[in-house]
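Asks: What follows is structure_0.cif, mmCIF, C-alpha atoms.
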data_model
#
loop_
_atom_site.label_atom_id
_atom_site.label_comp_id
_atom_site.auth_asym_id
_atom_site.auth_seq_id
_atom_site.Cartn_x
_atom_site.Cartn_y
_atom_site.Cartn_z
CA MET A 105 41.10 -15.58 -110.80
CA ALA A 106 44.80 -15.73 -111.59
CA GLY A 107 45.26 -12.37 -109.87
CA LEU A 108 43.57 -13.65 -106.70
CA ILE A 109 45.87 -16.66 -106.63
CA VAL A 110 48.88 -14.39 -106.95
CA VAL A 111 47.61 -12.26 -104.06
CA ILE A 112 47.04 -15.32 -101.86
CA ILE A 113 50.49 -16.69 -102.67
CA GLY A 114 51.99 -13.27 -101.90
CA MET A 115 50.18 -13.10 -98.58
CA CYS A 116 51.37 -16.59 -97.69
CA CYS A 117 54.93 -15.57 -98.48
CA VAL A 118 54.61 -12.47 -96.32
CA ILE A 119 53.19 -14.51 -93.45
CA ALA A 120 55.94 -17.11 -93.79
CA PHE A 121 58.55 -14.36 -93.90
CA MET A 122 57.08 -12.68 -90.83
CA GLY A 123 57.02 -16.00 -88.98
CA TRP A 124 60.66 -16.58 -89.87
CA LYS A 125 61.57 -13.05 -88.69
CA MET A 126 59.70 -13.59 -85.42
CA ARG A 127 61.56 -16.86 -84.81
CA CYS A 128 64.87 -15.14 -85.56
CA LEU A 129 63.97 -12.25 -83.24
CA LYS A 130 62.90 -14.65 -80.49
CA ARG A 131 66.19 -16.57 -80.87
CA ASP A 132 68.19 -13.32 -80.74
CA ILE A 133 66.33 -12.14 -77.64
CA TYR A 134 66.90 -15.50 -75.95
CA SER A 135 70.60 -15.39 -76.84
CA PHE A 136 70.86 -11.77 -75.62
CA GLU A 137 69.17 -12.69 -72.36
CA ASN A 138 71.53 -15.63 -71.76
CA LEU A 139 74.61 -13.53 -72.48
CA LEU A 140 73.44 -10.74 -70.20
CA GLU A 141 72.57 -13.13 -67.37
CA ARG A 142 75.90 -14.96 -67.65
CA HIS A 143 77.98 -11.77 -67.60
CA LEU A 144 75.96 -10.26 -64.75
CA ASP A 145 76.68 -13.45 -62.77
CA ASP A 146 80.38 -13.00 -63.59
CA MET A 147 80.27 -9.43 -62.29
CA ALA A 148 78.39 -10.44 -59.13
CA SER A 149 80.97 -13.16 -58.48
CA GLY A 150 83.89 -10.78 -58.98
CA ARG A 151 85.12 -12.41 -62.20
CA ASP A 152 86.59 -10.18 -64.91
CA LEU A 153 84.59 -9.77 -68.09
CA PRO A 154 86.57 -11.03 -71.11
CA ASP A 155 87.33 -8.72 -74.03
CA SER A 156 84.54 -8.85 -76.60
CA ASP A 157 85.29 -9.44 -80.29
CA VAL A 158 81.71 -8.97 -81.53
CA ASP A 159 80.67 -6.39 -84.10
CA ARG A 160 80.82 -2.99 -82.38
CA ASP A 161 77.69 -1.83 -84.21
CA THR A 162 75.36 -4.34 -82.55
CA LEU A 163 73.15 -3.72 -79.53
CA TRP A 164 74.98 -6.42 -77.55
CA SER A 165 78.39 -4.81 -78.13
CA LYS A 166 77.07 -1.47 -76.81
CA VAL A 167 75.54 -3.13 -73.76
CA TYR A 168 78.73 -5.11 -73.17
CA GLU A 169 80.84 -1.96 -73.26
CA GLU A 170 78.60 -0.45 -70.60
CA LEU A 171 78.93 -3.58 -68.47
CA GLN A 172 82.72 -3.37 -68.70
CA ARG A 173 82.61 0.30 -67.75
CA VAL A 174 80.37 -0.41 -64.74
CA GLN A 175 82.66 -3.23 -63.63
CA HIS A 176 85.68 -0.93 -63.87
CA ILE A 177 83.89 1.66 -61.68
CA TRP A 178 82.92 -1.01 -59.16
CA LYS A 179 86.48 -2.28 -58.92
CA GLN A 180 87.81 1.21 -58.45
CA LYS A 181 85.28 1.88 -55.69
CA ASP A 182 86.12 -1.44 -54.08
CA ARG A 183 89.84 -0.61 -54.06
CA GLU A 184 89.09 2.81 -52.57
CA GLY A 185 86.85 1.22 -49.93
CA THR A 186 89.52 -1.33 -49.01
CA GLU A 187 92.13 1.40 -48.71
CA GLU A 188 89.79 3.53 -46.60
CA LYS A 189 89.05 0.56 -44.34
CA ARG A 190 92.80 -0.05 -43.94
CA LYS A 191 93.36 3.58 -42.92
CA ILE A 192 90.48 3.46 -40.43
CA GLN A 193 91.85 0.22 -39.00
CA GLU A 194 95.26 1.84 -38.51
CA LEU A 195 93.66 4.91 -36.93
CA ILE A 196 91.55 2.83 -34.53
CA SER A 197 94.54 0.70 -33.54
CA ASP A 198 96.62 3.84 -33.01
CA ILE A 199 93.93 5.51 -30.88
CA SER A 200 93.48 2.34 -28.83
CA HIS A 201 97.22 1.99 -28.29
CA GLN A 202 97.89 5.66 -27.58
CA THR A 203 95.10 6.05 -25.02
CA LYS A 204 95.52 2.75 -23.18
CA THR A 205 98.76 3.68 -21.40
CA PRO A 206 97.79 7.22 -20.26
CA ILE A 207 94.47 6.01 -18.85
CA ALA A 208 96.15 3.09 -17.08
CA ASN A 209 98.67 5.54 -15.57
CA MET A 210 95.88 7.89 -14.46
CA LYS A 211 94.12 5.01 -12.72
CA MET A 212 97.32 3.95 -10.99
CA TYR A 213 98.05 7.49 -9.72
CA LEU A 214 94.46 7.86 -8.50
CA GLU A 215 94.73 4.58 -6.60
CA LEU A 216 97.96 5.78 -4.98
CA PHE A 217 96.31 9.04 -3.94
CA ALA A 218 93.25 7.20 -2.63
CA ALA A 219 95.55 5.08 -0.42
CA GLU A 220 96.75 8.21 1.40
CA ARG A 221 95.28 8.47 4.89
CA ASN A 222 95.77 12.18 5.48
CA LEU A 223 93.49 13.46 2.73
CA LEU A 224 91.00 16.14 3.63
CA GLU A 225 87.30 15.39 3.11
CA LYS A 226 87.11 17.81 0.17
CA GLU A 227 90.24 16.30 -1.40
CA ARG A 228 88.79 12.82 -1.12
CA GLU A 229 85.54 14.02 -2.69
CA PHE A 230 87.41 15.49 -5.66
CA LEU A 231 89.47 12.33 -5.94
CA THR A 232 86.30 10.24 -6.11
CA ARG A 233 84.89 12.47 -8.83
CA ILE A 234 88.09 12.34 -10.90
CA THR A 235 88.17 8.55 -10.54
CA GLY A 236 84.59 8.32 -11.79
CA GLN A 237 85.32 10.55 -14.77
CA THR A 238 88.43 8.53 -15.62
CA GLU A 239 86.38 5.31 -15.58
CA LYS A 240 83.80 6.97 -17.81
CA LEU A 241 86.52 8.11 -20.25
CA ASP A 242 87.97 4.59 -20.35
CA PHE A 243 84.53 3.09 -20.99
CA LEU A 244 83.82 5.67 -23.70
CA LEU A 245 87.06 4.95 -25.58
CA GLN A 246 86.60 1.18 -25.33
CA SER A 247 83.02 1.46 -26.61
CA MET A 248 84.04 3.72 -29.49
CA VAL A 249 86.83 1.34 -30.51
CA LYS A 250 84.49 -1.68 -30.40
CA MET A 251 81.83 0.16 -32.37
CA SER A 252 84.31 1.32 -35.03
CA ARG A 253 85.81 -2.14 -35.40
CA LEU A 254 82.39 -3.72 -35.84
CA GLU A 255 81.25 -1.13 -38.39
CA THR A 256 84.42 -1.38 -40.49
CA GLY A 257 84.49 -5.18 -40.45
CA ILE A 258 87.77 -5.31 -38.54
CA ILE A 259 86.20 -7.60 -35.94
CA LYS A 260 85.44 -11.01 -37.37
CA ILE A 261 82.64 -13.08 -35.89
CA CYS A 262 83.71 -16.71 -35.41
CA GLN A 263 80.66 -18.86 -34.76
CA ARG A 264 80.91 -22.42 -33.49
CA LYS A 265 78.78 -24.85 -31.52
CA ASP A 266 79.10 -23.91 -27.86
CA TYR A 267 77.21 -24.21 -24.57
CA LEU A 268 74.86 -21.27 -24.14
CA LEU A 269 74.80 -21.46 -20.33
CA GLU A 270 78.54 -20.71 -20.20
CA THR A 271 78.03 -17.62 -22.38
CA LEU A 272 75.17 -16.44 -20.17
CA GLY A 273 77.24 -17.15 -17.07
CA GLY A 274 80.10 -14.96 -18.29
CA ALA A 275 77.74 -12.06 -19.02
CA VAL A 276 75.95 -12.39 -15.66
CA ALA A 277 79.23 -12.61 -13.72
CA ALA A 278 80.38 -9.32 -15.25
CA VAL A 279 77.24 -7.48 -14.17
CA VAL A 280 76.84 -9.00 -10.68
CA PRO A 281 78.92 -6.36 -8.81
CA LYS A 282 76.65 -3.54 -10.05
CA ALA A 283 73.53 -5.62 -9.36
CA GLU A 284 74.62 -6.37 -5.79
CA LYS A 285 75.07 -2.67 -5.04
CA LYS A 286 71.39 -2.15 -5.89
CA GLN A 287 70.28 -5.45 -4.30
CA ILE A 288 68.96 -6.64 -7.68
CA ARG A 289 68.44 -10.38 -7.98
CA ILE A 290 69.29 -12.13 -11.26
CA TYR A 291 67.65 -15.45 -12.13
CA VAL A 292 68.83 -17.66 -15.02
CA SER A 293 66.75 -20.48 -16.48
CA CYS A 294 68.74 -22.41 -19.10
CA ASP A 295 69.40 -26.12 -19.49
CA GLU A 296 73.13 -26.74 -19.25
CA SER A 297 73.00 -29.07 -22.28
CA VAL A 298 71.78 -26.35 -24.68
CA GLN A 299 74.27 -25.69 -27.47
CA ILE A 300 73.92 -23.22 -30.34
CA CYS A 301 76.26 -21.97 -33.03
CA HIS A 302 77.51 -18.55 -31.85
CA ASP A 303 80.57 -16.45 -31.19
CA ARG A 304 80.90 -16.85 -27.44
CA LYS A 305 83.04 -13.77 -26.79
CA TRP A 306 80.91 -11.29 -28.75
CA THR A 307 77.56 -12.84 -27.81
CA GLU A 308 78.61 -12.53 -24.18
CA GLU A 309 79.43 -8.87 -24.87
CA ALA A 310 75.97 -8.31 -26.40
CA ILE A 311 74.17 -10.00 -23.48
CA PHE A 312 76.29 -8.09 -20.96
CA ASN A 313 75.33 -4.79 -22.60
CA ILE A 314 71.63 -5.64 -22.29
CA LEU A 315 72.05 -6.80 -18.69
CA ASP A 316 74.09 -3.72 -17.80
CA ASN A 317 71.29 -1.59 -19.20
CA ALA A 318 68.72 -3.57 -17.22
CA VAL A 319 70.64 -3.15 -13.95
CA LYS A 320 71.14 0.55 -14.61
CA TYR A 321 67.42 1.25 -15.03
CA THR A 322 65.96 -1.26 -12.56
CA TYR A 323 65.02 0.09 -9.16
CA THR A 324 66.81 -1.01 -5.98
CA GLY A 325 65.54 -4.39 -4.80
CA GLY A 326 64.23 -5.33 -8.25
CA CYS A 327 64.94 -8.45 -10.28
CA ILE A 328 66.09 -9.58 -13.72
CA ARG A 329 65.04 -12.93 -15.19
CA ILE A 330 66.86 -14.65 -18.06
CA SER A 331 65.13 -17.55 -19.79
CA VAL A 332 65.96 -19.64 -22.86
CA ASP A 333 63.47 -21.14 -25.30
CA ILE A 334 64.60 -23.48 -28.10
CA GLN A 335 62.42 -22.88 -31.15
CA GLU A 336 62.34 -24.51 -34.58
CA ILE A 337 64.83 -22.17 -36.28
CA PHE A 338 66.00 -19.80 -33.54
CA THR A 339 66.91 -19.97 -29.88
CA LYS A 340 65.25 -17.16 -27.94
CA ILE A 341 67.01 -15.58 -24.96
CA SER A 342 64.62 -13.42 -22.96
CA ILE A 343 66.03 -10.81 -20.54
CA ARG A 344 63.13 -9.42 -18.51
CA ASP A 345 63.63 -6.72 -15.87
CA SER A 346 61.35 -4.97 -13.35
CA GLY A 347 62.72 -1.53 -14.22
CA LYS A 348 61.21 1.74 -15.36
CA GLY A 349 60.22 0.45 -18.80
CA ILE A 350 60.36 2.25 -22.15
CA ALA A 351 57.57 4.29 -23.70
CA LEU A 352 56.25 2.81 -26.96
CA GLU A 353 57.19 5.85 -29.05
CA ARG A 354 60.84 5.56 -27.97
CA GLN A 355 61.36 1.85 -28.50
CA ALA A 356 62.49 2.26 -32.12
CA GLU A 357 65.23 4.70 -31.05
CA ILE A 358 66.94 2.80 -28.25
CA PHE A 359 69.14 0.78 -30.63
CA THR A 360 70.57 3.84 -32.37
CA ARG A 361 74.04 5.17 -31.57
CA PHE A 362 74.36 7.51 -28.59
CA TYR A 363 70.63 7.47 -27.83
CA ARG A 364 69.75 8.08 -24.19
CA GLU A 365 66.30 8.58 -22.79
CA PRO A 366 65.69 12.15 -21.57
CA GLU A 367 64.94 11.26 -17.95
CA VAL A 368 68.11 9.16 -17.41
CA HIS A 369 70.86 11.53 -18.52
CA SER A 370 72.11 11.64 -14.93
CA GLU A 371 72.93 7.92 -15.11
CA GLU A 372 76.34 6.77 -16.32
CA GLY A 373 76.70 5.61 -19.90
CA ILE A 374 77.00 7.02 -23.42
CA GLY A 375 74.22 5.19 -25.24
CA VAL A 376 76.08 2.65 -27.38
CA GLY A 377 75.48 -0.59 -25.45
CA LEU A 378 72.21 -1.58 -27.14
CA TYR A 379 73.52 -0.43 -30.52
CA LEU A 380 76.57 -2.70 -30.15
CA ALA A 381 74.36 -5.58 -28.98
CA ARG A 382 72.18 -5.32 -32.09
CA GLU A 383 75.20 -5.10 -34.41
CA ILE A 384 76.81 -8.19 -32.85
CA LEU A 385 73.60 -10.21 -33.18
CA THR A 386 73.03 -9.06 -36.76
CA LEU A 387 76.53 -10.23 -37.73
CA GLN A 388 75.51 -13.69 -36.46
CA LYS A 389 72.29 -13.63 -38.52
CA GLY A 390 70.27 -13.03 -35.38
CA TYR A 391 68.10 -10.18 -34.22
CA ILE A 392 66.70 -8.49 -31.11
CA GLN A 393 63.24 -7.27 -30.13
CA VAL A 394 61.99 -5.32 -27.13
CA TYR A 395 58.60 -5.45 -25.44
CA SER A 396 58.09 -2.79 -22.82
CA GLU A 397 55.65 -0.46 -21.16
CA ALA A 398 56.49 2.64 -19.16
CA GLY A 399 56.63 1.79 -15.46
CA LYS A 400 56.27 -1.96 -16.02
CA GLY A 401 59.77 -3.14 -16.97
CA SER A 402 61.20 -4.36 -20.26
CA ASP A 403 61.68 -7.69 -22.01
CA PHE A 404 64.60 -7.81 -24.45
CA GLN A 405 64.35 -10.91 -26.63
CA ILE A 406 67.46 -12.12 -28.44
CA TYR A 407 67.11 -14.56 -31.34
CA LEU A 408 70.11 -16.60 -32.54
CA PRO A 409 70.00 -19.31 -35.24
CA ASN A 410 70.10 -22.87 -33.94
CA GLY A 411 72.35 -24.14 -36.76
#
The structure given in the file should be rewritten as structure tokens.
Replies:
Amino acid sequence: MAGLIVVIIGMCCVIAFMGWKMRCLKRDIYSFENLLERHLDDMASGRDLPDSDVDRDTLWSKVYEELQRVQHIWKQKDREGTEEKRKIQELISDISHQTKTPIANMKMYLELFAAERNLLEKEREFLTRITGQTEKLDFLLQSMVKMSRLETGIIKICQRKDYLLETLGGAVAAVVPKAEKKQIRIYVSCDESVQICHDRKWTEEAIFNILDNAVKYTYTGGCIRISVDIQEIFTKISIRDSGKGIALERQAEIFTRFYREPEVHSEEGIGVGLYLAREILTLQKGYIQVYSEAGKGSDFQIYLPNG
């Protein structure tokens, strides 16, 4: 009987000891979790991790050393990225500056030649072709510079509350000369009181790129309709054309850099307009969708946050 009592007491002691160990382990795990979460927050916020004075033989000290090592690698990569971005910015600025003057001079000389009255028919034909190629080169360089600046973060989007109709008006005005040559009518339906938070300059650029694309691939005598719909979270800008449309299997590709549909390679352009439009909208926390069917036109829908 006495032996049984001793066994029971021993078992109780073991159970009590195990319970105490479990509580200690649970407390240590909770403490470890809090420390890890706090220091990960510090790293995510860019704050330096303080030097640790804990026992170097513990699990936490080993984990902490790894955290410090990772943070050091991140900082080094960040410095390298900043330096690389600075070099790219200088290169882009240099390219933009160095090419602007020669192209402007070429245009001026071509205009002077075009003003000559005694040019032969063949000479005037060559002059027209050279002028077209010069315009294409200028457009290509401007597009490349814009694209590079957007991708490297050099261009900063400055959103503020502004009238949407004025932004649409600027984009439409820029595309009207091309539309008139093809007798394409452009209709705009937007209440003049509508205001949304957006970068007017770059949103106008994005809308112009979509409109320019629509004019390019809409048949002579066609039409383009722009409508605005204020929704709960976003404002939708729909740009619907009566053009050739886009096959379903190609719709995912049209927003990639330098993509051009096989049957329109004879048309002017380099395939960055829609890519730039999407990038500009993404930087404003917006997005773009396309609904189209081959031979039945396209509907590009832009969504920009109301706030």
Asks: Go through A:Asp333, A:Asp152, A:Glu309, A:Glu169 and flag the residue nearest A:Arg382, using only C-alpha atoms for the distances.
Replies: A:Glu309
Asks: Give me the residues within 8 Å of A:Ile311 as a PyMOL selection string, counting only C-alpha atoms and dropping any in the same chain fewer than 3 places off.
Replies: chain A and resi 272+275+307-308+314-315+381
Asks: I need the output of the PyMOL selection byres ((chain A and resi 375-377) around 9) for this file as a list of chain:residue names; which residues are they?
Replies: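 On the file shown, the PyMOL selection byres ((chain A and resi 375-377) around 9) covers A:Ser247, A:Met248, A:Met251, A:Ala310, A:Phe312, A:Asn313, A:Ile314, A:Asp316, A:Asn317, A:Ile358, A:Phe359, A:Thr360, A:Arg361, A:Phe362, A:Tyr363, A:Arg364, A:Glu365, A:Gly373, A:Ile374, A:Leu378, A:Tyr379, A:Leu380, A:Ala381, A:Arg382.
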Asks: Which residues fall under the PyMOL selection byres ((chain A and resi 140) around 12) in this file, as a PyMOL selection string?
Replies: chain A and resi 133-139+141-147+153+163-172
Asks: Can you work out which one of A:Phe338, A:Tyr291, A:Tyr323, A:Trp178 has the shortest atom-to-atom distance to A:Gly411, counting all atoms listed in the file?
Replies: A:Phe338
Asks: Using the chain letters and numbers from the file, which residues does the PyMOL selection byres ((chain A and resi 329) around 9) grab, as a ChimeraX atom specification?
Replies: /A:289-293,327-328,330-331,342-346
Asks: Under the rule that all atoms listed in the file are counted, which of A:Ala356, A:Ile300, A:Val249, A:Leu244 is the nearest residue to A:Tyr267?
Replies: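 The shortest atom-to-atom distance to A:Tyr267 comes from A:Ile300.
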